[in-house]
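The file target.csv contains CSV, C-alpha atoms and all ligand atoms:
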chain,number,residue,atom,x,y,z
A,21,MET,CA,136.4,82.5,83.6
A,22,THR,CA,134.3,82.4,80.4
A,23,THR,CA,133.2,85.6,78.8
A,24,LEU,CA,129.4,86.1,78.5
A,25,GLN,CA,128.5,86.1,74.8
A,26,ALA,CA,124.7,85.7,74.6
A,27,LEU,CA,121.5,86.5,76.4
A,28,LEU,CA,118.7,84.0,76.0
A,29,PHE,CA,115.2,85.3,76.7
A,30,ASP,CA,112.1,83.4,77.5
A,31,VAL,CA,109.0,85.2,76.2
A,32,ASP,CA,105.8,84.6,78.1
A,33,GLY,CA,105.9,86.1,81.6
A,34,THR,CA,109.5,87.2,81.1
A,35,LEU,CA,109.4,89.8,78.3
A,36,ALA,CA,105.7,90.6,78.9
A,37,ASP,CA,102.8,89.5,81.1
A,38,THR,CA,101.2,87.7,78.2
A,39,GLU,CA,99.6,84.8,79.9
A,40,ARG,CA,96.7,86.3,81.9
A,41,ASP,CA,95.7,89.0,79.4
A,42,GLY,CA,97.0,87.6,76.1
A,43,HIS,CA,97.0,83.8,75.8
A,44,ARG,CA,94.1,83.2,78.3
A,45,PRO,CA,91.6,85.5,76.5
A,46,ALA,CA,92.8,84.2,73.1
A,47,PHE,CA,92.0,80.6,74.2
A,48,ASN,CA,88.6,81.7,75.4
A,49,MET,CA,87.9,83.5,72.1
A,50,ALA,CA,88.8,80.4,70.2
A,51,PHE,CA,86.6,78.2,72.4
A,52,GLN,CA,83.7,80.6,71.8
A,53,ALA,CA,84.3,80.7,68.0
A,54,ALA,CA,84.2,76.9,68.0
A,55,GLY,CA,80.9,76.9,69.8
A,56,LEU,CA,82.4,75.4,73.0
A,57,ASP,CA,81.2,76.5,76.4
A,58,TRP,CA,84.7,76.2,78.0
A,59,ASP,CA,85.8,79.3,80.0
A,60,TRP,CA,89.4,79.5,81.4
A,61,ASP,CA,89.2,82.0,84.3
A,62,GLU,CA,92.4,83.4,85.9
A,63,LEU,CA,92.5,80.8,88.6
A,64,LEU,CA,92.0,77.8,86.4
A,65,TYR,CA,94.5,79.2,83.9
A,66,GLY,CA,97.1,79.3,86.7
A,67,LYS,CA,96.6,75.6,87.2
A,68,LEU,CA,96.7,74.9,83.4
A,69,LEU,CA,100.1,76.7,83.2
A,70,ALA,CA,101.6,73.6,84.8
A,71,VAL,CA,101.8,72.3,81.2
A,72,THR,CA,103.6,74.4,78.5
A,73,GLY,CA,102.4,74.6,75.0
A,74,GLY,CA,98.9,75.6,73.9
A,75,LYS,CA,98.0,72.3,72.3
A,76,GLU,CA,99.4,70.4,75.2
A,77,ARG,CA,97.4,72.7,77.6
A,78,ILE,CA,94.1,72.0,75.8
A,79,ARG,CA,94.7,68.2,76.2
A,80,TYR,CA,95.7,68.6,79.8
A,81,TYR,CA,92.5,70.6,80.5
A,82,LEU,CA,90.4,67.8,79.0
A,83,GLU,CA,92.3,65.1,81.0
A,84,LYS,CA,92.1,66.8,84.3
A,85,PHE,CA,89.4,69.5,84.4
A,86,ASN,CA,86.8,68.7,81.9
A,87,THR,CA,86.7,64.9,81.8
A,88,THR,CA,83.1,64.6,80.7
A,89,PHE,CA,83.7,66.2,77.3
A,90,THR,CA,83.2,63.7,74.5
A,91,LYS,CA,86.3,63.9,72.3
A,92,PRO,CA,85.6,64.0,68.5
A,93,ASP,CA,87.0,61.0,66.5
A,94,ASN,CA,89.6,63.3,64.8
A,95,PHE,CA,90.8,64.6,68.1
A,96,ASP,CA,94.3,65.5,67.0
A,97,ALA,CA,92.9,67.6,64.1
A,98,PHE,CA,90.4,69.2,66.5
A,99,VAL,CA,93.1,70.3,68.9
A,100,LYS,CA,95.3,71.5,66.1
A,101,SER,CA,92.5,73.6,64.6
A,102,LEU,CA,91.3,75.0,67.9
A,103,HIS,CA,94.9,76.1,68.7
A,104,ALA,CA,95.4,77.6,65.2
A,105,SER,CA,92.3,79.7,65.9
A,106,LYS,CA,93.7,80.7,69.3
A,107,THR,CA,96.9,81.8,67.6
A,108,GLN,CA,94.9,84.1,65.3
A,109,PHE,CA,93.1,85.7,68.2
A,110,TYR,CA,96.4,86.1,70.1
A,111,THR,CA,98.2,87.7,67.3
A,112,GLN,CA,95.3,90.1,66.8
A,113,LEU,CA,95.4,91.0,70.5
A,114,MET,CA,99.1,91.7,70.2
A,115,ALA,CA,98.6,93.8,67.1
A,116,GLU,CA,96.3,96.0,69.1
A,117,GLY,CA,99.3,96.7,71.3
A,118,LYS,CA,97.6,96.3,74.6
A,119,ILE,CA,100.4,94.2,76.3
A,120,PRO,CA,103.5,96.2,77.1
A,121,LEU,CA,107.0,94.8,77.8
A,122,ARG,CA,107.8,94.4,81.5
A,123,ALA,CA,109.9,97.0,83.3
A,124,GLY,CA,113.6,97.0,82.2
A,125,VAL,CA,113.2,94.6,79.3
A,126,GLU,CA,113.6,97.2,76.5
A,127,ARG,CA,116.4,99.0,78.3
A,128,LEU,CA,118.4,95.7,78.8
A,129,ILE,CA,117.8,94.6,75.2
A,130,ASN,CA,119.0,98.0,73.9
A,131,GLU,CA,122.1,97.9,76.1
A,132,ALA,CA,122.9,94.4,74.9
A,133,ARG,CA,122.6,95.5,71.3
A,134,ALA,CA,124.7,98.6,71.8
A,135,GLU,CA,127.4,96.4,73.3
A,136,GLY,CA,127.3,93.9,70.5
A,137,MET,CA,126.1,91.1,72.8
A,138,ARG,CA,124.3,88.3,71.0
A,139,ILE,CA,120.6,87.9,71.9
A,140,ALA,CA,118.1,85.1,71.2
A,141,ILE,CA,114.6,84.0,72.1
A,142,VAL,CA,113.9,80.6,73.7
A,143,THR,CA,110.2,79.9,74.2
A,144,THR,CA,107.5,77.2,74.0
A,145,THR,CA,105.0,79.6,72.4
A,146,THR,CA,104.2,79.5,68.7
A,147,PRO,CA,106.6,81.5,66.4
A,148,GLU,CA,103.8,83.8,65.1
A,149,ASN,CA,103.1,84.9,68.7
A,150,VAL,CA,106.7,86.0,69.2
A,151,THR,CA,106.7,88.0,66.0
A,152,ALA,CA,103.5,89.7,66.9
A,153,LEU,CA,104.7,90.6,70.4
A,154,LEU,CA,108.1,91.9,69.2
A,155,LYS,CA,106.5,93.9,66.4
A,156,SER,CA,104.0,95.6,68.7
A,157,THR,CA,106.4,96.4,71.4
A,158,LEU,CA,109.9,96.9,69.9
A,159,GLY,CA,109.0,97.8,66.3
A,160,ALA,CA,108.6,96.3,62.9
A,161,ASN,CA,112.3,95.2,62.5
A,162,SER,CA,113.0,94.0,66.0
A,163,GLU,CA,112.7,90.3,65.2
A,164,SER,CA,115.9,90.6,63.2
A,165,TRP,CA,117.8,91.8,66.4
A,166,PHE,CA,117.5,88.2,67.7
A,167,GLU,CA,120.1,85.8,66.2
A,168,VAL,CA,117.9,82.8,66.8
A,169,ILE,CA,114.2,82.5,67.6
A,170,ALA,CA,113.7,79.0,69.1
A,171,ALA,CA,110.0,78.6,69.5
A,172,GLY,CA,107.0,76.3,69.5
A,173,ASP,CA,107.2,72.8,68.0
A,174,ILE,CA,110.9,73.1,66.8
A,175,VAL,CA,111.6,70.5,69.5
A,176,PRO,CA,109.0,67.9,70.4
A,177,ALA,CA,109.8,68.0,74.2
A,178,LYS,CA,108.9,71.5,75.4
A,179,LYS,CA,110.0,73.1,78.6
A,180,PRO,CA,110.7,71.8,81.3
A,181,ALA,CA,112.8,69.7,79.0
A,182,PRO,CA,116.2,71.3,78.2
A,183,ASP,CA,115.8,70.6,74.5
A,184,ILE,CA,114.8,74.1,73.3
A,185,TYR,CA,117.8,75.7,75.1
A,186,LEU,CA,120.1,73.0,73.7
A,187,TRP,CA,118.7,73.6,70.2
A,188,ALA,CA,119.3,77.3,70.5
A,189,LEU,CA,122.9,76.9,71.9
A,190,GLU,CA,123.8,74.5,69.1
A,191,LYS,CA,122.4,76.9,66.4
A,192,MET,CA,124.5,79.7,67.9
A,193,ASN,CA,127.5,77.5,68.2
A,194,LEU,CA,127.8,78.2,71.9
A,195,THR,CA,128.1,76.1,75.1
A,196,ALA,CA,126.0,76.7,78.1
A,197,ARG,CA,128.9,78.5,79.8
A,198,ASP,CA,128.9,81.2,77.1
A,199,ALA,CA,125.3,82.3,77.8
A,200,ILE,CA,122.8,83.2,80.4
A,201,ALA,CA,119.0,82.6,80.5
A,202,PHE,CA,116.1,84.9,81.6
A,203,GLU,CA,113.0,83.1,82.8
A,204,ASP,CA,109.9,83.6,84.9
A,205,SER,CA,108.6,80.2,85.8
A,206,LEU,CA,109.3,76.7,87.3
A,207,ASN,CA,109.1,75.0,83.9
A,208,GLY,CA,111.4,77.7,82.6
A,209,ILE,CA,114.1,77.3,85.2
A,210,LYS,CA,113.9,73.5,85.0
A,211,SER,CA,114.5,73.8,81.3
A,212,SER,CA,117.4,76.3,81.5
A,213,ALA,CA,119.0,74.6,84.5
A,214,ALA,CA,118.8,71.2,82.8
A,215,ALA,CA,120.6,72.8,79.9
A,216,ASP,CA,123.3,73.9,82.4
A,217,LEU,CA,122.6,77.6,81.9
A,218,LYS,CA,122.9,80.2,84.7
A,219,THR,CA,119.5,81.9,85.0
A,220,ILE,CA,118.0,85.1,86.2
A,221,ILE,CA,114.4,85.0,87.2
A,222,THR,CA,111.8,87.8,87.1
A,223,ILE,CA,108.7,86.5,88.9
A,224,ASN,CA,105.1,87.4,88.1
A,225,ASP,CA,101.7,86.8,89.8
A,226,TYR,CA,101.4,83.3,88.4
A,227,THR,CA,104.9,82.2,89.3
A,228,LYS,CA,105.7,84.0,92.5
A,229,ASP,CA,105.4,80.8,94.6
A,230,ASP,CA,107.4,78.6,92.3
A,231,ASP,CA,110.7,77.0,93.4
A,232,PHE,CA,113.6,79.0,92.0
A,233,SER,CA,116.3,77.4,94.1
A,234,GLN,CA,118.2,76.6,90.9
A,235,ALA,CA,118.4,80.3,89.8
A,236,GLN,CA,121.4,82.5,90.4
A,237,LEU,CA,119.2,85.7,91.0
A,238,VAL,CA,115.5,86.1,91.6
A,239,LEU,CA,113.9,89.5,91.1
A,240,ASP,CA,110.4,90.9,91.1
A,241,SER,CA,111.3,92.6,87.8
A,242,MET,CA,114.4,93.8,85.9
A,243,GLY,CA,113.7,97.3,87.4
A,244,GLU,CA,114.6,100.7,86.0
A,245,PRO,CA,117.0,103.4,87.2
A,246,SER,CA,114.0,105.2,88.6
A,247,ASN,CA,112.2,102.1,89.8
A,248,ALA,CA,114.4,99.7,91.8
A,249,PHE,CA,113.9,95.9,91.6
A,250,GLN,CA,113.3,93.8,94.7
A,251,VAL,CA,115.8,91.0,95.2
A,252,LEU,CA,114.0,87.8,96.3
A,253,ALA,CA,117.1,85.5,96.2
A,254,GLY,CA,120.7,85.9,95.2
A,255,GLU,CA,123.0,88.9,95.3
A,256,SER,CA,122.4,92.1,93.5
A,257,LYS,CA,126.0,93.3,94.2
A,258,GLY,CA,125.0,96.9,94.9
A,259,HIS,CA,122.8,97.3,91.8
A,260,THR,CA,119.2,98.5,92.0
A,261,PHE,CA,118.2,97.6,88.4
A,262,LEU,CA,119.3,94.8,86.1
A,263,ASN,CA,121.9,96.1,83.6
A,264,LEU,CA,124.5,94.3,81.5
A,265,GLU,CA,127.1,94.9,84.2
A,266,LEU,CA,125.0,93.0,86.8
A,267,VAL,CA,124.1,90.3,84.3
A,268,LYS,CA,127.9,89.7,83.6
A,269,LYS,CA,128.6,89.6,87.4
A,270,VAL,CA,125.8,87.0,87.9
A,271,HIS,CA,127.2,85.0,84.9
A,272,SER,CA,130.7,85.0,86.4
A,273,THR,CA,129.7,83.8,89.9
A,301,LIG,C1,104.7,79.8,77.5
A,301,LIG,C2,103.8,78.7,77.1
A,301,LIG,C3,103.0,78.8,75.9
A,301,LIG,C4,102.0,79.9,76.0
A,301,LIG,C5,100.9,79.6,74.9
A,301,LIG,O1,106.0,79.4,77.6
A,301,LIG,O2,103.8,77.7,77.8
A,301,LIG,O3,102.5,77.6,75.7
A,301,LIG,O4,101.3,79.8,77.2
A,301,LIG,O5,101.5,79.6,73.7
A,301,LIG,P1,107.3,80.4,77.6
A,301,LIG,P2,101.0,78.6,72.5
A,301,LIG,O6,107.2,81.2,78.9
A,301,LIG,O7,108.5,79.4,77.6
A,301,LIG,O8,107.3,81.3,76.4
A,301,LIG,O9,99.5,78.5,72.6
A,301,LIG,O10,101.5,79.2,71.2
A,301,LIG,O11,101.7,77.3,72.8
A,302,MG,MG,107.8,82.0,80.7
Starting from the coordinates I provided, produce the structure as structure tokens.
Amino acid sequence: MTTLQALLFDVDGTLADTERDGHRPAFNMAFQAAGLDWDWDELLYGKLLAVTGGKERIRYYLEKFNTTFTKPDNFDAFVKSLHASKTQFYTQLMAEGKIPLRAGVERLINEARAEGMRIAIVTTTTPENVTALLKSTLGANSESWFEVIAAGDIVPAKKPAPDIYLWALEKMNLTARDAIAFEDSLNGIKSSAAADLKTIITINDYTKDDDFSQAQLVLDSMGEPSNAFQVLAGESKGHTFLNLELVKKVHST
């Protein structure tokens, strides 16, 4: 049996519910600032989440949901600048500290650090967004707790491709058997499973109906000692919240 050496955390939806109240409003603020009348409401945003990556999502919106928009000649530059503006609005929103970490996330990260477990971030979001979220929730130096921050355009093929997980594993000099992934979405589990990683899912409103049959354990949240998780699939082995002991048990099954 291989010993668990590292925890690989997705960000959006897993560490915090950033999509509905962070990314979505930031996109809308950028659209408004650019004089565009586009408005991504909660329902539409759920459909747009089929595509990961903000620039990719803007293109997908125009291909599938706003087909009458006349694209400017310099379309690539237009998307890039619109997305850069969205990143600015998003990091401002994070700095205001309105988005907390999900239940159990800080506790599990602290436990992992106390035990000397290696931790990393593996996400499709822009690196600045990760920095902003970590600073506002875990403190100014928290970014340094993570050995690798694999984010954004580091690999051209974003989740559901396995590339970002494979990149992080290579950087850490680990094989998939040495680590476990934490995800919240179909694109996330597709990516981690294709990288051969065992995966624990914590669902959210946008992902609760996704197919998580490739996951080892599916929970409504990581839970807390005073606030038990709900097990949606897999075995919680007598535990009522996700701690390192349960993570290790899941990894070894
Ligand atoms: C989240 C994403 C990201 C964010 C937007 O993926 O798909 O694209 O929605 O961020 P994950 P950017 O759950 O893997 O973190 O606009 O910076 O791309
Ligand atoms: Mg996610």
How far is it from CA of Leu28 in chain A to CA of Phe166 in chain A, in Å with one decimal? 9.4 Å
Nearby residues, ligand LIG 301 (chain A), 6 Å, all atoms listed in the file, as a PyMOL selection string: chain A and resi 30-33+39+43+72-74+143-146
Per residue of chain A within 10 Å of ligand MG 302 (chain A), what are the shortest atom pair and its distance in Å to one decimal, counting only C-alpha atoms and all ligand atoms, with rows by chain and residue number, as JSON lines?
{"residue": "A:Phe29", "atom": "CA", "partner": "A:MG302", "partner_atom": "MG", "distance": 9.0}
{"residue": "A:Asp30", "atom": "CA", "partner": "A:MG302", "partner_atom": "MG", "distance": 5.5}
{"residue": "A:Val31", "atom": "CA", "partner": "A:MG302", "partner_atom": "MG", "distance": 5.7}
{"residue": "A:Asp32", "atom": "CA", "partner": "A:MG302", "partner_atom": "MG", "distance": 4.2}
{"residue": "A:Gly33", "atom": "CA", "partner": "A:MG302", "partner_atom": "MG", "distance": 4.6}
{"residue": "A:Thr34", "atom": "CA", "partner": "A:MG302", "partner_atom": "MG", "distance": 5.5}
{"residue": "A:Leu35", "atom": "CA", "partner": "A:MG302", "partner_atom": "MG", "distance": 8.3}
{"residue": "A:Ala36", "atom": "CA", "partner": "A:MG302", "partner_atom": "MG", "distance": 9.0}
{"residue": "A:Asp37", "atom": "CA", "partner": "A:MG302", "partner_atom": "MG", "distance": 9.0}
{"residue": "A:Thr38", "atom": "CA", "partner": "A:MG302", "partner_atom": "MG", "distance": 9.1}
{"residue": "A:Glu39", "atom": "CA", "partner": "A:MG302", "partner_atom": "MG", "distance": 8.7}
{"residue": "A:Leu69", "atom": "CA", "partner": "A:MG302", "partner_atom": "MG", "distance": 9.7}
{"residue": "A:Thr72", "atom": "CA", "partner": "A:MG302", "partner_atom": "MG", "distance": 9.0}
{"residue": "A:Val142", "atom": "CA", "partner": "A:MG302", "partner_atom": "MG", "distance": 9.4}
{"residue": "A:Thr143", "atom": "CA", "partner": "A:MG302", "partner_atom": "MG", "distance": 7.2}
{"residue": "A:Thr144", "atom": "CA", "partner": "A:MG302", "partner_atom": "MG", "distance": 8.2}
{"residue": "A:Thr145", "atom": "CA", "partner": "A:MG302", "partner_atom": "MG", "distance": 9.1}
{"residue": "A:Lys179", "atom": "CA", "partner": "A:MG302", "partner_atom": "MG", "distance": 9.4}
{"residue": "A:Phe202", "atom": "CA", "partner": "A:MG302", "partner_atom": "MG", "distance": 8.8}
{"residue": "A:Glu203", "atom": "CA", "partner": "A:MG302", "partner_atom": "MG", "distance": 5.7}
{"residue": "A:Asp204", "atom": "CA", "partner": "A:MG302", "partner_atom": "MG", "distance": 5.0}
{"residue": "A:Ser205", "atom": "CA", "partner": "A:MG302", "partner_atom": "MG", "distance": 5.5}
{"residue": "A:Leu206", "atom": "CA", "partner": "A:MG302", "partner_atom": "MG", "distance": 8.6}
{"residue": "A:Asn207", "atom": "CA", "partner": "A:MG302", "partner_atom": "MG", "distance": 7.8}
{"residue": "A:Gly208", "atom": "CA", "partner": "A:MG302", "partner_atom": "MG", "distance": 5.9}
{"residue": "A:Ile209", "atom": "CA", "partner": "A:MG302", "partner_atom": "MG", "distance": 9.1}
{"residue": "A:Ile221", "atom": "CA", "partner": "A:MG302", "partner_atom": "MG", "distance": 9.7}
{"residue": "A:Thr222", "atom": "CA", "partner": "A:MG302", "partner_atom": "MG", "distance": 9.5}
{"residue": "A:Ile223", "atom": "CA", "partner": "A:MG302", "partner_atom": "MG", "distance": 9.4}
{"residue": "A:Asn224", "atom": "CA", "partner": "A:MG302", "partner_atom": "MG", "distance": 9.6}
{"residue": "A:Thr227", "atom": "CA", "partner": "A:MG302", "partner_atom": "MG", "distance": 9.1}
When distances are computed from only C-alpha atoms, which of A:Ala26, A:Val99, A:Ala115, A:Leu252 shows the smallest separation from Met137 in chain A? A:Ala26
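With distances restricted to only C-alpha atoms, A:Ile141 is the closest residue to Met192 in chain A from A:Ala248, A:Ala152, A:Ile141, A:Val125.
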Work out how far CA of Asp229 in chain A is from CA of Glu255 in chain A, in Å to one decimal.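 Taking CA of Glu255 in chain A as the start and CA of Asp229 in chain A as the end point, the length is 19.4 Å.
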Neighbourhood query: residues within 10 Å of (129.0, 87.5, 81.7), file coordinates, counting only C-alpha atoms; return as JSON, numbers by chain. {"A": [21, 22, 23, 24, 25, 26, 27, 197, 198, 199, 200, 218, 264, 265, 266, 267, 268, 269, 270, 271, 272, 273]}
Store the residues picked out above, limited to C-alpha atoms, as an mmCIF file, in the frame of the given file.
data_model
loop_
_atom_site.group_PDB
_atom_site.id
_atom_site.type_symbol
_atom_site.label_atom_id
_atom_site.label_comp_id
_atom_site.auth_asym_id
_atom_site.auth_seq_id
_atom_site.Cartn_x
_atom_site.Cartn_y
_atom_site.Cartn_z
ATOM 1 C CA MET A 21 136.400 82.500 83.600
ATOM 2 C CA THR A 22 134.300 82.400 80.400
ATOM 3 C CA THR A 23 133.200 85.600 78.800
ATOM 4 C CA LEU A 24 129.400 86.100 78.500
ATOM 5 C CA GLN A 25 128.500 86.100 74.800
ATOM 6 C CA ALA A 26 124.700 85.700 74.600
ATOM 7 C CA LEU A 27 121.500 86.500 76.400
ATOM 8 C CA ARG A 197 128.900 78.500 79.800
ATOM 9 C CA ASP A 198 128.900 81.200 77.100
ATOM 10 C CA ALA A 199 125.300 82.300 77.800
ATOM 11 C CA ILE A 200 122.800 83.200 80.400
ATOM 12 C CA LYS A 218 122.900 80.200 84.700
ATOM 13 C CA LEU A 264 124.500 94.300 81.500
ATOM 14 C CA GLU A 265 127.100 94.900 84.200
ATOM 15 C CA LEU A 266 125.000 93.000 86.800
ATOM 16 C CA VAL A 267 124.100 90.300 84.300
ATOM 17 C CA LYS A 268 127.900 89.700 83.600
ATOM 18 C CA LYS A 269 128.600 89.600 87.400
ATOM 19 C CA VAL A 270 125.800 87.000 87.900
ATOM 20 C CA HIS A 271 127.200 85.000 84.900
ATOM 21 C CA SER A 272 130.700 85.000 86.400
ATOM 22 C CA THR A 273 129.700 83.800 89.900
#
